[in-house]
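Undergrad: Got a structure for you, written out below as structure tokens; questions coming shortly.
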Number of protein chains: 2
Amino acid sequence: MKTKVSSVGTVAAQSARFDTPLALKSGAVLPACELVFETYGTLNAAKSNAILVCHALSGHHHVAGTYADQPKNLGWWDNLIGPGRPLDTGRFFVVGVNNLGGCHGSTGPSSNNPATGKPWGADFPVVTVEDWVQAQARLADHLGIDAWAAVIGGSLGGMQAMQWAIDLPQRIRHALVIAAAPKLTAQNIAFNDVARQAILTDPDFHGGHFYEHQTTPQRGLRLARMLGHITYLSDDQMGEKFGRALRNKEGGLGYGYGVEFEVESYLRSQGDKFAGYFDANTYLLMTKSLDYFDPAHRCGGDLAAALKPALAKFLVISFTTDWRFAPARSREIVNALLKNDQNVSYAEIASDYGHDSFLLEGAHYHAVLSAYLKRVKL
Amino acid sequence: MKTKVSSVGTVAAQSARFDTPLALKSGAVLPACELVFETYGTLNAAKSNAILVCHALSGHHHVAGTYADQPKNLGWWDNLIGPGRPLDTGRFFVVGVNNLGGCHGSTGPSSNNPATGKPWGADFPVVTVEDWVQAQARLADHLGIDAWAAVIGGSLGGMQAMQWAIDLPQRIRHALVIAAAPKLTAQNIAFNDVARQAILTDPDFHGGHFYEHQTTPQRGLRLARMLGHITYLSDDQMGEKFGRALRNKEGGLGYGYGVEFEVESYLRSQGDKFAGYFDANTYLLMTKSLDYFDPAHRCGGDLAAALKPALAKFLVISFTTDWRFAPARSREIVNALLKNDQNVSYAEIASDYGHDSFLLEGAHYHAVLSAYLKRVKL
């Protein structure tokens, strides 16, 4: 009998508190932390069917389904998860988590610093991909999961999957690394730095302690998001979607600085929306963690040497029009794994949608994920 | 005897005032205007050896040589102009001009509005590439030049050369269009809009009337310039120049938001420098004029039809690593000209330096320009 393909339906967030201090890569120690997460499907008796979904820059734990009181609030990767979907909840127990430093419930800059009773703000330590893996491992312990059947993520999420395979090789059987890169280029860092400077120089940032001033650096966050969006889309896709179309189709050129082209309208509204809910300190921290990710660094730049401890099998996926992390960057990962005779499958998916492709439903893309995950033994 | 190749040496800026009202494309009328310019070489008796150099976004009239009281202030295209250089001042009379709306002496937003006695600020009308051509034609009249031997420019400057050929075909014999495009893409416009939003939302912008508040929107202008610089350089060049090198080589990662990677240091210092001298209203205006440039628009998008009136011969040059205006964009111009059986030479120059290549000295690039200009009959 064929499973009816559907969403996971109504879900609820959970929370886990960890009171053992967490030593971070920076040298700072987080006295305690709380992680917010969601689960979909059922953990089997052998606890061998769990998949961890890692989020990217602006993601969170609400990966699939909707909330009873927010029926339109669909998880950000809902198209991938549910009965009959690539991450088939008839077979897998899927876990989404908001990372440390996030702004969706897990301990982060907007949480209270126990030492002061006030929000951490800019005093929240910079966390890295390595730190996230350690924190996620605590969540695995909490759920009684010795080893993930798979860890999956796109972009910064894919970097976490790689880091899991390197740091905790016994605890991950498959690493699904999508639209990622083994490290950022100077250009990638440059874009992040412009975004950070927009936030840091916003007069409403108040050195990261804006919570105490009952304000948020919305101008800076808005610019950061507008800029980010340009790098998430492909040039061709922007051309097809907006071209040079004017917002006011009858009015002609406005010879002023209001919204004029459709692409301006789109970017500004994306920026406004984001600036209304996202935490500026989290944004800074997430971009910094992207900049710092470079597992080959401790091996003198030798990525194969860095990946050598990994026992997981890998699926690496890239998208043809992704210019933020182009297919060539994924092939660096694949080639390093091949150099070690490690088990890796690679798919370069034809897509018009740039970096954002990893979030979208593509027939070939989802077919590759489904086929791969069907072969995963429980 | 071979000419000694050298700079033009010490130069001085001149100024011309035009009291006839100038009707702009927007419908606004500029009651009078002043253009600041420089000349290098000697106008011949037939007045047939004049070359106009058009500047790009942040350029000006000081194209070559130095000033007696500022011996280090070298013109922005000095490497191209002088005895024995591609724009050989032994043969040509070269004219550099600061465009209308500029901030280097020509009438612009920081000039006094005669109607109010105060700086124009945001009330200065948006000027277009077409308007610049009209204003430059007045300068040609002032200098007694009926027809330019050539009009040359890179980027936005190349667009002016194209517009000259279309609007005043009898007055330009050669159009040298370098690192340009027949119109901006949605992505190009998007980058410009983020830059504009950075300026417009800076609290020190004061709706464009910051002069009256004894302040300048330096934060916004700095971000705009940082972002611009990313698009002027190639990804590879940034990688070679900066890679992931840390500014503090011994100190390791800083886990904070200060300058950390070399590329951040470079961008921030470029941004700071620019914000210290450039006018924010001029920046807004120049980016808008880029966005509006689209000569094919009035011909229903048919570029060949738009170029049909041109009588000039064309030299079109692009650079392999330019991703702001990629070679494919230059080929659109070339193909449109070929469709009309118009005279066009095209060179696609191998260069590592992205869009900025047009400003730099490249052996092949300069050889192409020299060879072309040597064939120009006076």
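In the structure tokens, each chain is lettered A, B, ... as it comes, each chain's residues begin at 1, and ligands are numbered from 1 in order of appearance.
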Please extract the residues of segment 148-308 of chain B with a backbone DSSP assignment of alpha helix (DSSP H) and present them as a VMD selection string.
TA: chain B and resid 156 to 167 186 to 200 218 to 232 235 to 241 262 to 277 280 to 292 303 to 307
Undergrad: Using DSSP secondary structure from the backbone, list all strand (DSSP E or B) positions within segment 83-118 of chain B, as a ChimeraX atom specification.
TA: /B:87-88,93-97,112
Undergrad: Hey, can you spit out that residue selection with N, CA and C atoms as a short mmCIF file (atom, residue, chain, number, x, y, z; two decimals), in the first residue's frame?
TA:
```
data_model
loop_
_atom_site.label_atom_id
_atom_site.label_comp_id
_atom_site.auth_asym_id
_atom_site.auth_seq_id
_atom_site.Cartn_x
_atom_site.Cartn_y
_atom_site.Cartn_z
N LEU B 87 45.95 57.41 -24.88
CA LEU B 87 45.37 58.71 -25.26
C LEU B 87 46.54 59.69 -25.31
N ASP B 88 47.23 59.65 -26.46
CA ASP B 88 48.52 60.32 -26.63
C ASP B 88 48.32 61.83 -26.73
N PHE B 93 43.83 66.14 -27.95
CA PHE B 93 43.43 67.12 -26.94
C PHE B 93 42.37 66.41 -26.08
N VAL B 94 42.73 66.11 -24.85
CA VAL B 94 41.87 65.28 -24.01
C VAL B 94 41.14 66.15 -22.99
N VAL B 95 39.83 65.92 -22.85
CA VAL B 95 39.01 66.72 -21.94
C VAL B 95 38.37 65.81 -20.88
N GLY B 96 38.58 66.17 -19.62
CA GLY B 96 37.89 65.48 -18.52
C GLY B 96 36.88 66.44 -17.92
N VAL B 97 35.71 65.94 -17.53
CA VAL B 97 34.68 66.84 -17.00
C VAL B 97 34.01 66.20 -15.79
N ASN B 112 24.62 75.83 -4.32
CA ASN B 112 23.49 76.64 -3.87
C ASN B 112 22.37 76.66 -4.91
#
```
Undergrad: Show me, as number ranges by chain, every residue of chain A with an atom at most 9 Å from chain B, counting only C-alpha atoms.
TA: A: 26, 125-127, 184-191, 193-198, 200-203, 219-220, 223-224, 226-227, 230, 233-236, 238-245, 253-257, 261-264, 267-268, 284-285, 288, 291-292
Undergrad: Next, write the just-selected residues to a file, as a PDB file, in the first residue's frame, keeping C-alpha atoms as the atom set.
TA:
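The resulting file, part_13.pdb, is reproduced below:
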```pdb
ATOM      1  CA  SER A  26      36.347  30.832  22.063  1.00  0.00           C
ATOM      2  CA  PRO A 125      29.819  34.644  23.564  1.00  0.00           C
ATOM      3  CA  VAL A 126      30.428  34.093  19.854  1.00  0.00           C
ATOM      4  CA  VAL A 127      29.545  30.459  19.174  1.00  0.00           C
ATOM      5  CA  LEU A 184      33.982  30.951   3.136  1.00  0.00           C
ATOM      6  CA  THR A 185      35.885  32.881   0.468  1.00  0.00           C
ATOM      7  CA  ALA A 186      37.096  36.442   0.974  1.00  0.00           C
ATOM      8  CA  GLN A 187      34.061  37.607  -1.021  1.00  0.00           C
ATOM      9  CA  ASN A 188      31.677  35.616   1.212  1.00  0.00           C
ATOM     10  CA  ILE A 189      33.292  37.157   4.309  1.00  0.00           C
ATOM     11  CA  ALA A 190      33.127  40.607   2.708  1.00  0.00           C
ATOM     12  CA  PHE A 191      29.357  40.352   2.180  1.00  0.00           C
ATOM     13  CA  ASP A 193      31.055  42.077   7.026  1.00  0.00           C
ATOM     14  CA  VAL A 194      29.014  44.706   5.190  1.00  0.00           C
ATOM     15  CA  ALA A 195      25.893  43.196   6.788  1.00  0.00           C
ATOM     16  CA  ARG A 196      27.543  43.260  10.218  1.00  0.00           C
ATOM     17  CA  GLN A 197      28.729  46.833   9.766  1.00  0.00           C
ATOM     18  CA  ALA A 198      25.181  47.865   8.855  1.00  0.00           C
ATOM     19  CA  LEU A 200      27.005  47.582  14.325  1.00  0.00           C
ATOM     20  CA  THR A 201      26.882  51.201  13.076  1.00  0.00           C
ATOM     21  CA  ASP A 202      23.118  51.566  13.470  1.00  0.00           C
ATOM     22  CA  PRO A 203      22.667  54.163  16.249  1.00  0.00           C
ATOM     23  CA  ARG A 219      17.703  49.890   9.894  1.00  0.00           C
ATOM     24  CA  GLY A 220      20.875  47.807  10.051  1.00  0.00           C
ATOM     25  CA  LEU A 223      20.010  46.363   5.107  1.00  0.00           C
ATOM     26  CA  ALA A 224      21.734  43.129   6.142  1.00  0.00           C
ATOM     27  CA  MET A 226      18.331  42.994   1.734  1.00  0.00           C
ATOM     28  CA  LEU A 227      21.967  42.331   0.919  1.00  0.00           C
ATOM     29  CA  ILE A 230      20.718  39.337  -3.359  1.00  0.00           C
ATOM     30  CA  LEU A 233      18.976  34.443  -5.534  1.00  0.00           C
ATOM     31  CA  SER A 234      20.572  33.897  -8.917  1.00  0.00           C
ATOM     32  CA  ASP A 235      21.091  36.802 -11.300  1.00  0.00           C
ATOM     33  CA  ASP A 236      18.981  35.005 -13.933  1.00  0.00           C
ATOM     34  CA  MET A 238      16.060  37.944 -10.397  1.00  0.00           C
ATOM     35  CA  GLY A 239      15.971  38.848 -14.077  1.00  0.00           C
ATOM     36  CA  GLU A 240      13.072  36.515 -14.778  1.00  0.00           C
ATOM     37  CA  LYS A 241      11.188  37.399 -11.612  1.00  0.00           C
ATOM     38  CA  PHE A 242      11.615  41.181 -11.711  1.00  0.00           C
ATOM     39  CA  GLY A 243      13.634  42.271 -14.746  1.00  0.00           C
ATOM     40  CA  ARG A 244      13.425  46.037 -15.016  1.00  0.00           C
ATOM     41  CA  ALA A 245       9.682  46.094 -14.352  1.00  0.00           C
ATOM     42  CA  LEU A 253      10.085  56.720 -14.137  1.00  0.00           C
ATOM     43  CA  GLY A 254       9.722  58.634 -10.903  1.00  0.00           C
ATOM     44  CA  TYR A 255      13.010  60.584 -10.805  1.00  0.00           C
ATOM     45  CA  GLY A 256      13.077  60.258  -7.030  1.00  0.00           C
ATOM     46  CA  TYR A 257      14.280  57.834  -4.384  1.00  0.00           C
ATOM     47  CA  PHE A 261      11.595  48.964  -9.706  1.00  0.00           C
ATOM     48  CA  GLU A 262       9.808  45.757  -8.635  1.00  0.00           C
ATOM     49  CA  VAL A 263      13.089  44.324  -7.366  1.00  0.00           C
ATOM     50  CA  GLU A 264      13.430  47.259  -4.943  1.00  0.00           C
ATOM     51  CA  LEU A 267      13.978  43.539  -1.318  1.00  0.00           C
ATOM     52  CA  ARG A 268      12.700  46.306   0.924  1.00  0.00           C
ATOM     53  CA  LEU A 284      25.961  39.005  13.959  1.00  0.00           C
ATOM     54  CA  LEU A 285      26.781  35.752  15.695  1.00  0.00           C
ATOM     55  CA  LYS A 288      30.603  35.169  12.388  1.00  0.00           C
ATOM     56  CA  ASP A 291      33.162  33.166   8.629  1.00  0.00           C
ATOM     57  CA  TYR A 292      34.975  30.996  11.194  1.00  0.00           C
TER      58      TYR A 292
END
```
Undergrad: Taking only C-alpha atoms into account, which of A:Ile349, A:Cys33, A:Ala147, A:Leu311 comes nearest Asn49 of chain A?
TA: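 With only C-alpha atoms as the atom set, the closest residue is A:Ala147.
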Undergrad: Record the distance separating atom CA of His174 of chain B and atom CA of Ala312 of chain B, expressed in Å with one decimal.
TA: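 Rounded to one decimal, the two atoms are 4.8 Å apart.
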Undergrad: Report the distance between atom CA of Leu338 of chain A and atom CA of Arg171 of chain A in Å, rounded to one decimal place.
TA: 21.4 Å
Undergrad: Which distance in Å separates atom CA of Val133 of chain A and atom CA of Trp164 of chain A, to one decimal?
TA: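 Going from atom CA of Val133 of chain A over to atom CA of Trp164 of chain A, I get 6.0 Å.
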Undergrad: Please provide the set of residues having any atom within 10 Å of Asp356 of chain A, restricted to only C-alpha atoms, with same-chain residues fewer than 4 positions apart removed, written as a PyMOL selection string.
TA: chain A and resi 154-155+179+229+231-234+319+321-322+324+351-352+360
Undergrad: Can you write just those residues out, all heavy atoms, as a short mmCIF file (atom, residue, chain, number, x, y, z; two decimals), in the first residue's frame?
TA:
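again12.cif, freshly written:
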```cif
data_model
loop_
_atom_site.label_atom_id
_atom_site.label_comp_id
_atom_site.auth_asym_id
_atom_site.auth_seq_id
_atom_site.Cartn_x
_atom_site.Cartn_y
_atom_site.Cartn_z
N GLY A 154 21.31 22.55 4.98
CA GLY A 154 21.69 23.32 3.80
C GLY A 154 22.48 24.53 4.24
O GLY A 154 22.26 25.07 5.33
N SER A 155 23.43 24.97 3.42
CA SER A 155 24.21 26.17 3.70
C SER A 155 24.96 26.00 5.04
O SER A 155 25.63 24.99 5.24
CB SER A 155 23.27 27.38 3.70
OG SER A 155 23.99 28.58 3.64
N ALA A 179 24.27 22.51 -0.52
CA ALA A 179 24.53 23.94 -0.82
C ALA A 179 25.48 24.56 0.19
O ALA A 179 25.27 25.67 0.66
CB ALA A 179 23.21 24.72 -0.86
N HIS A 229 19.64 38.70 0.69
CA HIS A 229 18.72 38.20 -0.34
C HIS A 229 19.32 38.23 -1.74
O HIS A 229 19.07 37.35 -2.55
CB HIS A 229 17.40 38.96 -0.32
CG HIS A 229 16.34 38.21 0.42
ND1 HIS A 229 15.69 37.13 -0.13
CD2 HIS A 229 15.86 38.34 1.65
CE1 HIS A 229 14.84 36.65 0.75
NE2 HIS A 229 14.92 37.37 1.84
N THR A 231 22.30 37.71 -2.50
CA THR A 231 23.24 36.59 -2.66
C THR A 231 22.53 35.23 -2.60
O THR A 231 23.12 34.22 -2.93
CB THR A 231 24.36 36.62 -1.59
OG1 THR A 231 23.80 36.31 -0.31
CG2 THR A 231 25.04 37.97 -1.53
N TYR A 232 21.27 35.21 -2.15
CA TYR A 232 20.55 33.94 -2.10
C TYR A 232 19.92 33.61 -3.45
O TYR A 232 19.62 32.46 -3.74
CB TYR A 232 19.42 33.96 -1.05
CG TYR A 232 19.87 34.30 0.34
CD1 TYR A 232 19.01 34.91 1.25
CD2 TYR A 232 21.17 34.02 0.76
CE1 TYR A 232 19.42 35.24 2.53
CE2 TYR A 232 21.58 34.35 2.05
CZ TYR A 232 20.71 34.96 2.92
OH TYR A 232 21.12 35.29 4.18
N LEU A 233 19.65 34.65 -4.25
CA LEU A 233 18.98 34.44 -5.53
C LEU A 233 20.01 34.44 -6.66
O LEU A 233 21.07 35.04 -6.52
CB LEU A 233 17.97 35.57 -5.78
CG LEU A 233 16.93 35.82 -4.68
CD1 LEU A 233 16.00 36.96 -5.09
CD2 LEU A 233 16.11 34.57 -4.40
N SER A 234 19.68 33.83 -7.76
CA SER A 234 20.57 33.90 -8.92
C SER A 234 20.24 35.15 -9.72
O SER A 234 19.13 35.67 -9.67
CB SER A 234 20.42 32.66 -9.79
OG SER A 234 19.21 32.71 -10.52
N PHE A 319 23.75 23.22 -6.31
CA PHE A 319 22.80 23.72 -7.32
C PHE A 319 23.52 24.60 -8.33
O PHE A 319 24.31 25.47 -7.95
CB PHE A 319 21.67 24.50 -6.63
CG PHE A 319 20.90 23.65 -5.65
CD1 PHE A 319 21.25 23.64 -4.31
CD2 PHE A 319 19.89 22.81 -6.09
CE1 PHE A 319 20.57 22.83 -3.40
CE2 PHE A 319 19.20 21.99 -5.20
CZ PHE A 319 19.54 22.00 -3.85
N THR A 321 22.98 27.20 -10.18
CA THR A 321 22.96 28.67 -10.20
C THR A 321 23.29 29.29 -8.84
O THR A 321 23.13 30.50 -8.66
CB THR A 321 21.59 29.20 -10.65
OG1 THR A 321 20.59 28.60 -9.82
CG2 THR A 321 21.32 28.87 -12.11
N ASP A 322 23.74 28.48 -7.89
CA ASP A 322 24.11 28.98 -6.57
C ASP A 322 25.46 29.68 -6.68
O ASP A 322 26.48 29.04 -6.94
CB ASP A 322 24.19 27.80 -5.59
CG ASP A 322 24.48 28.24 -4.16
OD1 ASP A 322 24.80 29.42 -3.94
OD2 ASP A 322 24.38 27.38 -3.26
N ARG A 324 26.50 31.86 -4.22
CA ARG A 324 27.01 32.07 -2.86
C ARG A 324 27.96 30.93 -2.51
O ARG A 324 29.11 31.16 -2.13
CB ARG A 324 25.84 32.13 -1.89
CG ARG A 324 26.24 32.53 -0.48
CD ARG A 324 25.01 32.54 0.43
NE ARG A 324 25.32 32.83 1.81
CZ ARG A 324 25.36 34.04 2.34
NH1 ARG A 324 25.17 35.09 1.60
NH2 ARG A 324 25.62 34.20 3.63
N SER A 351 19.11 23.99 -11.39
CA SER A 351 18.06 24.78 -10.76
C SER A 351 18.25 26.24 -11.13
O SER A 351 19.38 26.70 -11.29
CB SER A 351 18.14 24.62 -9.23
OG SER A 351 17.38 25.64 -8.61
N ASP A 352 17.17 26.99 -11.26
CA ASP A 352 17.26 28.41 -11.60
C ASP A 352 17.30 29.30 -10.36
O ASP A 352 17.42 30.51 -10.49
CB ASP A 352 16.02 28.84 -12.42
CG ASP A 352 15.98 28.16 -13.77
OD1 ASP A 352 17.06 27.83 -14.28
OD2 ASP A 352 14.87 27.97 -14.31
N LEU A 360 13.73 24.91 -1.57
CA LEU A 360 12.57 24.76 -2.45
C LEU A 360 12.35 23.31 -2.85
O LEU A 360 13.25 22.48 -2.74
CB LEU A 360 12.76 25.63 -3.69
CG LEU A 360 13.06 27.11 -3.39
CD1 LEU A 360 13.36 27.86 -4.67
CD2 LEU A 360 11.88 27.76 -2.67
#
```
Undergrad: Gln163 of chain A: which residues within 7 Å, counting only C-alpha atoms, same-chain residues fewer than 4 positions away excluded, as a PyMOL selection string?
TA: chain A and resi 130+159+167
Undergrad: Contacts between segment 299-308 of chain A and segment 148-187 of chain A, please, where a residue of segment 148-187 of chain A counts if it comes within 8 Å (with only C-alpha atoms); show its shortest atom pair and distance in Å to one decimal, rows by chain and ascending number, as JSON lines.
TA:
```
{"residue": "A:Ala165", "atom": "CA", "partner": "A:Leu307", "partner_atom": "CA", "distance": 7.8}
{"residue": "A:Ile166", "atom": "CA", "partner": "A:Leu307", "partner_atom": "CA", "distance": 5.8}
{"residue": "A:Pro182", "atom": "CA", "partner": "A:Leu303", "partner_atom": "CA", "distance": 7.8}
```
Undergrad: Excluding Thr89 of chain A and residues on its chain fewer than 3 positions from it, collect all residues at most 8 Å away from it, counting only C-alpha atoms, and give them as a JSON list (two decimals) with N, CA and C atoms, in the first residue's frame.
TA:
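The resulting file, part_31.json, is shown below:
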```json
[["chain", "number", "residue", "atom", "x", "y", "z"],
["A", 8, "VAL", "N", 3.41, 16.83, 8.26],
["A", 8, "VAL", "CA", 3.32, 16.18, 9.57],
["A", 8, "VAL", "C", 2.14, 16.71, 10.37],
["A", 40, "TYR", "N", 9.37, 15.06, 14.84],
["A", 40, "TYR", "CA", 8.31, 14.57, 13.94],
["A", 40, "TYR", "C", 8.55, 13.08, 13.71],
["A", 41, "GLY", "N", 7.49, 12.29, 13.76],
["A", 41, "GLY", "CA", 7.64, 10.84, 13.63],
["A", 41, "GLY", "C", 7.93, 10.22, 14.99],
["A", 42, "THR", "N", 8.25, 8.92, 14.99],
["A", 42, "THR", "CA", 8.41, 8.20, 16.25],
["A", 42, "THR", "C", 9.80, 7.57, 16.33],
["A", 81, "ILE", "N", 9.59, 17.05, 4.72],
["A", 81, "ILE", "CA", 9.37, 16.21, 5.90],
["A", 81, "ILE", "C", 7.90, 15.83, 6.06],
["A", 82, "GLY", "N", 7.64, 14.54, 6.24],
["A", 82, "GLY", "CA", 6.28, 14.08, 6.47],
["A", 82, "GLY", "C", 6.12, 12.67, 5.90],
["A", 83, "PRO", "N", 4.96, 12.07, 6.10],
["A", 83, "PRO", "CA", 4.75, 10.72, 5.57],
["A", 83, "PRO", "C", 4.92, 10.71, 4.05],
["A", 84, "GLY", "N", 5.81, 9.87, 3.56],
["A", 84, "GLY", "CA", 6.02, 9.75, 2.11],
["A", 84, "GLY", "C", 6.95, 10.79, 1.53],
["A", 85, "ARG", "N", 7.33, 11.76, 2.32],
["A", 85, "ARG", "CA", 8.27, 12.78, 1.83],
["A", 85, "ARG", "C", 9.71, 12.28, 2.00],
["A", 92, "PHE", "N", 11.31, 7.65, 9.74],
["A", 92, "PHE", "CA", 12.32, 8.36, 10.52],
["A", 92, "PHE", "C", 11.70, 9.18, 11.65],
["A", 93, "PHE", "N", 12.52, 9.40, 12.67],
["A", 93, "PHE", "CA", 12.22, 10.32, 13.77],
["A", 93, "PHE", "C", 13.06, 11.57, 13.51],
["A", 94, "VAL", "N", 12.41, 12.66, 13.14],
["A", 94, "VAL", "CA", 13.14, 13.85, 12.69],
["A", 94, "VAL", "C", 13.16, 14.90, 13.80]]
```
